[in-house]
Structures are given as C-alpha cells and as structure tokens.
Amino acid sequence: MAIPYMGAVVLEVNGREVEVTEFSVNNNTGRKLVKTMNSTGRAKGYCSGIETFELSLTVAMPLGDTSIDWENVVGAKLTQYPVGGGQQISYLDCFTTEVDDQYSVDNEARISIKMNALNKVME
C-alpha cells in the first residue's frame, strides 16, 4: 500500500491567498555548542538560545495593482496548508526583510521575498 505524502501547499497572507511558486522555511533552534577546556578534549554540552523563523517565498508577479505591497508587510500572518487537507501551520508577526524582482527568458516575472516570523503555530 502506498503512503500518501504532502504535496503542494496553499499560502495565505492575512487571509488572502497568494500565488506562490516556491516556499521554504528555515527554523533555527538557537541552540549552540558550548566548548570547554577539559581532559576529554571534547565539548560536553549546549546552551539554549533564541529560536528564529526565516521564510523565503517566490510569488508570481500579477499585472495591475492587485498585488501585495511586499516591501511594507509588517505584522502579517502567513498560513500554509496542504492542498489535499491536513494540519495548517501559521507564522505570526511576519515582516519583510528583502524583496527582489526576477525576470526570465521563459516570460515569467516573479518576486522573491525574504521574511522573518516571531512565532510558529500548528493549527
């Protein structure tokens, strides 16, 4: 019997569906290795730090003024959910750090956005 896996996801920004071509999340736990001078010559532990969430998304560039003003997104809620149903994941208090316009020979204009989120919630 085949095992079903998650496929494509839908992304919403403040409840508004966004046409995303790529979406990735980098979750940094903040833990760090603590090196000490000891007889074993090895590190013996770690310390906790501050967890961070870095989001990267690429969206299709719509014509007209129907697009989101990505450079000024602050305090947004990004929600991803599987197309076939399943658990939603929301990233809260998101803010934009970088916005790049991309154009290619394939006649597709895209916007590449980097954001940070202050919290992650499984809904």
# chains A, B, ... in the order shown; residues from 1 in each chain; ligands from 1
>>> residues_around(residues="region 33-37 of chain A", least_positions_apart="6", cutoff="10 Å", atoms="only C-alpha atoms", output="PDB file with N, CA and C atoms, in the first residue's frame")
ATOM      1  N   ALA A  43      33.649  18.796  23.485  1.00  0.00           N
ATOM      2  CA  ALA A  43      32.584  19.632  24.046  1.00  0.00           C
ATOM      3  C   ALA A  43      31.661  18.734  24.858  1.00  0.00           C
ATOM      4  N   LYS A  44      31.065  19.285  25.914  1.00  0.00           N
ATOM      5  CA  LYS A  44      30.227  18.461  26.778  1.00  0.00           C
ATOM      6  C   LYS A  44      28.785  18.914  26.857  1.00  0.00           C
ATOM      7  N   GLY A  45      28.421  19.930  26.097  1.00  0.00           N
ATOM      8  CA  GLY A  45      27.030  20.352  26.205  1.00  0.00           C
ATOM      9  C   GLY A  45      26.670  21.466  25.248  1.00  0.00           C
ATOM     10  N   TYR A  46      25.514  22.030  25.517  1.00  0.00           N
ATOM     11  CA  TYR A  46      24.971  23.098  24.675  1.00  0.00           C
ATOM     12  C   TYR A  46      24.208  24.074  25.557  1.00  0.00           C
ATOM     13  N   CYS A  47      23.930  25.224  25.000  1.00  0.00           N
ATOM     14  CA  CYS A  47      23.089  26.194  25.695  1.00  0.00           C
ATOM     15  C   CYS A  47      21.937  26.581  24.777  1.00  0.00           C
ATOM     16  N   SER A  48      20.838  26.937  25.387  1.00  0.00           N
ATOM     17  CA  SER A  48      19.665  27.352  24.620  1.00  0.00           C
ATOM     18  C   SER A  48      19.819  28.802  24.202  1.00  0.00           C
TER      19      SER A  48
END
>>> residues_around(residues="Ala117 (chain A)", least_positions_apart="4", cutoff="10 Å", atoms="only C-alpha atoms", output="PyMOL selection string")
chain A and resi 25+27+52-55+74-78+90-96
>>> write_last_selection(atoms="N, CA and C atoms", output="PDB file, in the first residue's frame")
ATOM      1  N   VAL A  25      11.017  27.347   4.627  1.00  0.00           N
ATOM      2  CA  VAL A  25      11.133  27.861   5.990  1.00  0.00           C
ATOM      3  C   VAL A  25      12.431  27.346   6.586  1.00  0.00           C
ATOM      4  N   ASN A  27      14.073  27.085  10.170  1.00  0.00           N
ATOM      5  CA  ASN A  27      13.819  27.209  11.601  1.00  0.00           C
ATOM      6  C   ASN A  27      15.137  26.997  12.336  1.00  0.00           C
ATOM      7  N   THR A  52      14.537  31.305  15.815  1.00  0.00           N
ATOM      8  CA  THR A  52      14.144  32.231  14.751  1.00  0.00           C
ATOM      9  C   THR A  52      13.514  31.464  13.594  1.00  0.00           C
ATOM     10  N   PHE A  53      12.643  32.150  12.856  1.00  0.00           N
ATOM     11  CA  PHE A  53      11.979  31.582  11.690  1.00  0.00           C
ATOM     12  C   PHE A  53      12.240  32.498  10.500  1.00  0.00           C
ATOM     13  N   GLU A  54      12.924  31.975   9.488  1.00  0.00           N
ATOM     14  CA  GLU A  54      13.204  32.735   8.273  1.00  0.00           C
ATOM     15  C   GLU A  54      12.411  32.110   7.130  1.00  0.00           C
ATOM     16  N   LEU A  55      11.595  32.913   6.466  1.00  0.00           N
ATOM     17  CA  LEU A  55      10.740  32.444   5.385  1.00  0.00           C
ATOM     18  C   LEU A  55      11.249  32.994   4.061  1.00  0.00           C
ATOM     19  N   VAL A  74       4.316  44.133   7.470  1.00  0.00           N
ATOM     20  CA  VAL A  74       4.748  44.102   8.866  1.00  0.00           C
ATOM     21  C   VAL A  74       3.588  43.555   9.690  1.00  0.00           C
ATOM     22  N   GLY A  75       3.878  42.632  10.600  1.00  0.00           N
ATOM     23  CA  GLY A  75       2.839  42.098  11.481  1.00  0.00           C
ATOM     24  C   GLY A  75       1.861  41.170  10.787  1.00  0.00           C
ATOM     25  N   ALA A  76       2.271  40.543   9.700  1.00  0.00           N
ATOM     26  CA  ALA A  76       1.370  39.690   8.915  1.00  0.00           C
ATOM     27  C   ALA A  76       1.311  38.276   9.481  1.00  0.00           C
ATOM     28  N   LYS A  77       0.250  37.579   9.118  1.00  0.00           N
ATOM     29  CA  LYS A  77       0.092  36.167   9.456  1.00  0.00           C
ATOM     30  C   LYS A  77       0.151  35.383   8.155  1.00  0.00           C
ATOM     31  N   LEU A  78       1.135  34.483   8.029  1.00  0.00           N
ATOM     32  CA  LEU A  78       1.247  33.611   6.869  1.00  0.00           C
ATOM     33  C   LEU A  78       0.791  32.223   7.274  1.00  0.00           C
ATOM     34  N   SER A  90       0.802  28.195  10.872  1.00  0.00           N
ATOM     35  CA  SER A  90       0.772  29.655  10.739  1.00  0.00           C
ATOM     36  C   SER A  90       2.042  30.253  11.309  1.00  0.00           C
ATOM     37  N   TYR A  91       2.554  31.245  10.616  1.00  0.00           N
ATOM     38  CA  TYR A  91       3.701  32.024  11.073  1.00  0.00           C
ATOM     39  C   TYR A  91       3.166  33.408  11.404  1.00  0.00           C
ATOM     40  N   LEU A  92       3.397  33.839  12.643  1.00  0.00           N
ATOM     41  CA  LEU A  92       2.781  35.063  13.146  1.00  0.00           C
ATOM     42  C   LEU A  92       3.775  36.215  13.216  1.00  0.00           C
ATOM     43  N   ASP A  93       3.236  37.430  13.133  1.00  0.00           N
ATOM     44  CA  ASP A  93       4.021  38.663  13.224  1.00  0.00           C
ATOM     45  C   ASP A  93       5.178  38.666  12.224  1.00  0.00           C
ATOM     46  N   CYS A  94       4.866  38.354  10.973  1.00  0.00           N
ATOM     47  CA  CYS A  94       5.872  38.305   9.907  1.00  0.00           C
ATOM     48  C   CYS A  94       6.180  39.707   9.391  1.00  0.00           C
ATOM     49  N   PHE A  95       7.430  39.903   9.040  1.00  0.00           N
ATOM     50  CA  PHE A  95       7.833  41.175   8.444  1.00  0.00           C
ATOM     51  C   PHE A  95       8.853  40.904   7.345  1.00  0.00           C
ATOM     52  N   THR A  96       8.827  41.734   6.316  1.00  0.00           N
ATOM     53  CA  THR A  96       9.693  41.572   5.152  1.00  0.00           C
ATOM     54  C   THR A  96      11.075  42.153   5.427  1.00  0.00           C
TER      55      THR A  96
END
>>> closest_residue(among="A:Val10, A:Val18, A:Ile3, A:Val73", to="Asn116 (chain A)", atoms="only C-alpha atoms")
A:Val73
>>> select_by_dssp(residues="chain A", states="strand (DSSP E or B)", output="PDB file with C-alpha atoms, in the first residue's frame")
ATOM      1  CA  VAL A   9       0.631  23.903  -0.225  1.00  0.00           C
ATOM      2  CA  VAL A  10      -1.539  26.998  -0.389  1.00  0.00           C
ATOM      3  CA  LEU A  11      -0.160  30.138   1.244  1.00  0.00           C
ATOM      4  CA  GLU A  12      -2.291  32.928   2.672  1.00  0.00           C
ATOM      5  CA  VAL A  13      -1.062  36.335   3.801  1.00  0.00           C
ATOM      6  CA  ARG A  16      -5.560  36.468   1.264  1.00  0.00           C
ATOM      7  CA  GLU A  17      -4.408  33.601  -0.967  1.00  0.00           C
ATOM      8  CA  VAL A  18      -1.096  34.261  -2.721  1.00  0.00           C
ATOM      9  CA  VAL A  20       3.312  31.055  -4.736  1.00  0.00           C
ATOM     10  CA  THR A  21       5.787  29.169  -6.914  1.00  0.00           C
ATOM     11  CA  GLU A  22       8.256  28.364  -4.098  1.00  0.00           C
ATOM     12  CA  PHE A  23       8.062  28.478  -0.304  1.00  0.00           C
ATOM     13  CA  SER A  24      10.676  27.439   2.252  1.00  0.00           C
ATOM     14  CA  VAL A  25      11.133  27.861   5.990  1.00  0.00           C
ATOM     15  CA  ASN A  26      14.415  27.873   7.899  1.00  0.00           C
ATOM     16  CA  ASN A  27      13.819  27.209  11.601  1.00  0.00           C
ATOM     17  CA  ASN A  28      16.918  27.975  13.678  1.00  0.00           C
ATOM     18  CA  LYS A  32      24.735  26.442  20.474  1.00  0.00           C
ATOM     19  CA  LEU A  33      27.565  24.074  21.261  1.00  0.00           C
ATOM     20  CA  VAL A  34      29.478  25.028  24.421  1.00  0.00           C
ATOM     21  CA  GLY A  45      27.030  20.352  26.205  1.00  0.00           C
ATOM     22  CA  TYR A  46      24.971  23.098  24.675  1.00  0.00           C
ATOM     23  CA  CYS A  47      23.089  26.194  25.695  1.00  0.00           C
ATOM     24  CA  THR A  52      14.144  32.231  14.751  1.00  0.00           C
ATOM     25  CA  PHE A  53      11.979  31.582  11.690  1.00  0.00           C
ATOM     26  CA  GLU A  54      13.204  32.735   8.273  1.00  0.00           C
ATOM     27  CA  LEU A  55      10.740  32.444   5.385  1.00  0.00           C
ATOM     28  CA  SER A  56      11.616  32.565   1.690  1.00  0.00           C
ATOM     29  CA  LEU A  57       8.891  32.732  -0.914  1.00  0.00           C
ATOM     30  CA  THR A  58       8.683  33.338  -4.622  1.00  0.00           C
ATOM     31  CA  VAL A  59       5.390  34.625  -5.980  1.00  0.00           C
ATOM     32  CA  ALA A  60       4.080  35.252  -9.472  1.00  0.00           C
ATOM     33  CA  VAL A  74       4.748  44.102   8.866  1.00  0.00           C
ATOM     34  CA  GLY A  75       2.839  42.098  11.481  1.00  0.00           C
ATOM     35  CA  ALA A  76       1.370  39.690   8.915  1.00  0.00           C
ATOM     36  CA  LYS A  77       0.092  36.167   9.456  1.00  0.00           C
ATOM     37  CA  LEU A  78       1.247  33.611   6.869  1.00  0.00           C
ATOM     38  CA  THR A  79      -0.681  30.340   6.842  1.00  0.00           C
ATOM     39  CA  GLN A  80       0.296  27.272   4.849  1.00  0.00           C
ATOM     40  CA  TYR A  81      -1.995  24.307   4.413  1.00  0.00           C
ATOM     41  CA  PRO A  82      -1.817  21.189   2.242  1.00  0.00           C
ATOM     42  CA  ILE A  89       0.890  25.925  10.056  1.00  0.00           C
ATOM     43  CA  SER A  90       0.772  29.655  10.739  1.00  0.00           C
ATOM     44  CA  TYR A  91       3.701  32.024  11.073  1.00  0.00           C
ATOM     45  CA  LEU A  92       2.781  35.063  13.146  1.00  0.00           C
ATOM     46  CA  ASP A  93       4.021  38.663  13.224  1.00  0.00           C
ATOM     47  CA  CYS A  94       5.872  38.305   9.907  1.00  0.00           C
ATOM     48  CA  PHE A  95       7.833  41.175   8.444  1.00  0.00           C
ATOM     49  CA  THR A  96       9.693  41.572   5.152  1.00  0.00           C
ATOM     50  CA  THR A  97      13.479  41.914   5.114  1.00  0.00           C
ATOM     51  CA  GLU A  98      14.242  41.607   1.357  1.00  0.00           C
ATOM     52  CA  VAL A  99      12.295  41.914  -1.906  1.00  0.00           C
ATOM     53  CA  ASP A 100      13.789  41.074  -5.325  1.00  0.00           C
ATOM     54  CA  ASP A 101      12.117  41.233  -8.741  1.00  0.00           C
ATOM     55  CA  GLN A 102      13.069  38.409 -11.117  1.00  0.00           C
ATOM     56  CA  TYR A 103      12.599  38.222 -14.865  1.00  0.00           C
ATOM     57  CA  ALA A 109       8.136  37.648 -13.882  1.00  0.00           C
ATOM     58  CA  ARG A 110       8.414  36.739 -10.210  1.00  0.00           C
ATOM     59  CA  ILE A 111       9.030  38.396  -6.870  1.00  0.00           C
ATOM     60  CA  SER A 112      11.425  36.795  -4.391  1.00  0.00           C
ATOM     61  CA  ILE A 113      10.673  37.715  -0.763  1.00  0.00           C
ATOM     62  CA  LYS A 114      12.569  37.024   2.447  1.00  0.00           C
ATOM     63  CA  MET A 115      10.711  37.426   5.734  1.00  0.00           C
ATOM     64  CA  ASN A 116      11.087  36.669   9.407  1.00  0.00           C
ATOM     65  CA  ALA A 117       8.362  35.451  11.740  1.00  0.00           C
ATOM     66  CA  ASN A 119       6.189  32.691  16.184  1.00  0.00           C
ATOM     67  CA  LYS A 120       5.034  29.421  14.626  1.00  0.00           C
ATOM     68  CA  VAL A 121       1.678  27.837  15.495  1.00  0.00           C
ATOM     69  CA  MET A 122       0.267  24.437  14.486  1.00  0.00           C
TER      70      MET A 122
END
>>> atom_distance(atom1="CA of Glu51 (chain A)", atom2="CA of Gly30 (chain A)")
4.8 Å
>>> atom_distance(atom1="CA of Asn107 (chain A)", atom2="CA of Ile68 (chain A)")
21.0 Å
>>> atom_distance(atom1="CA of Ser104 (chain A)", atom2="CA of Ala8 (chain A)")
23.1 Å
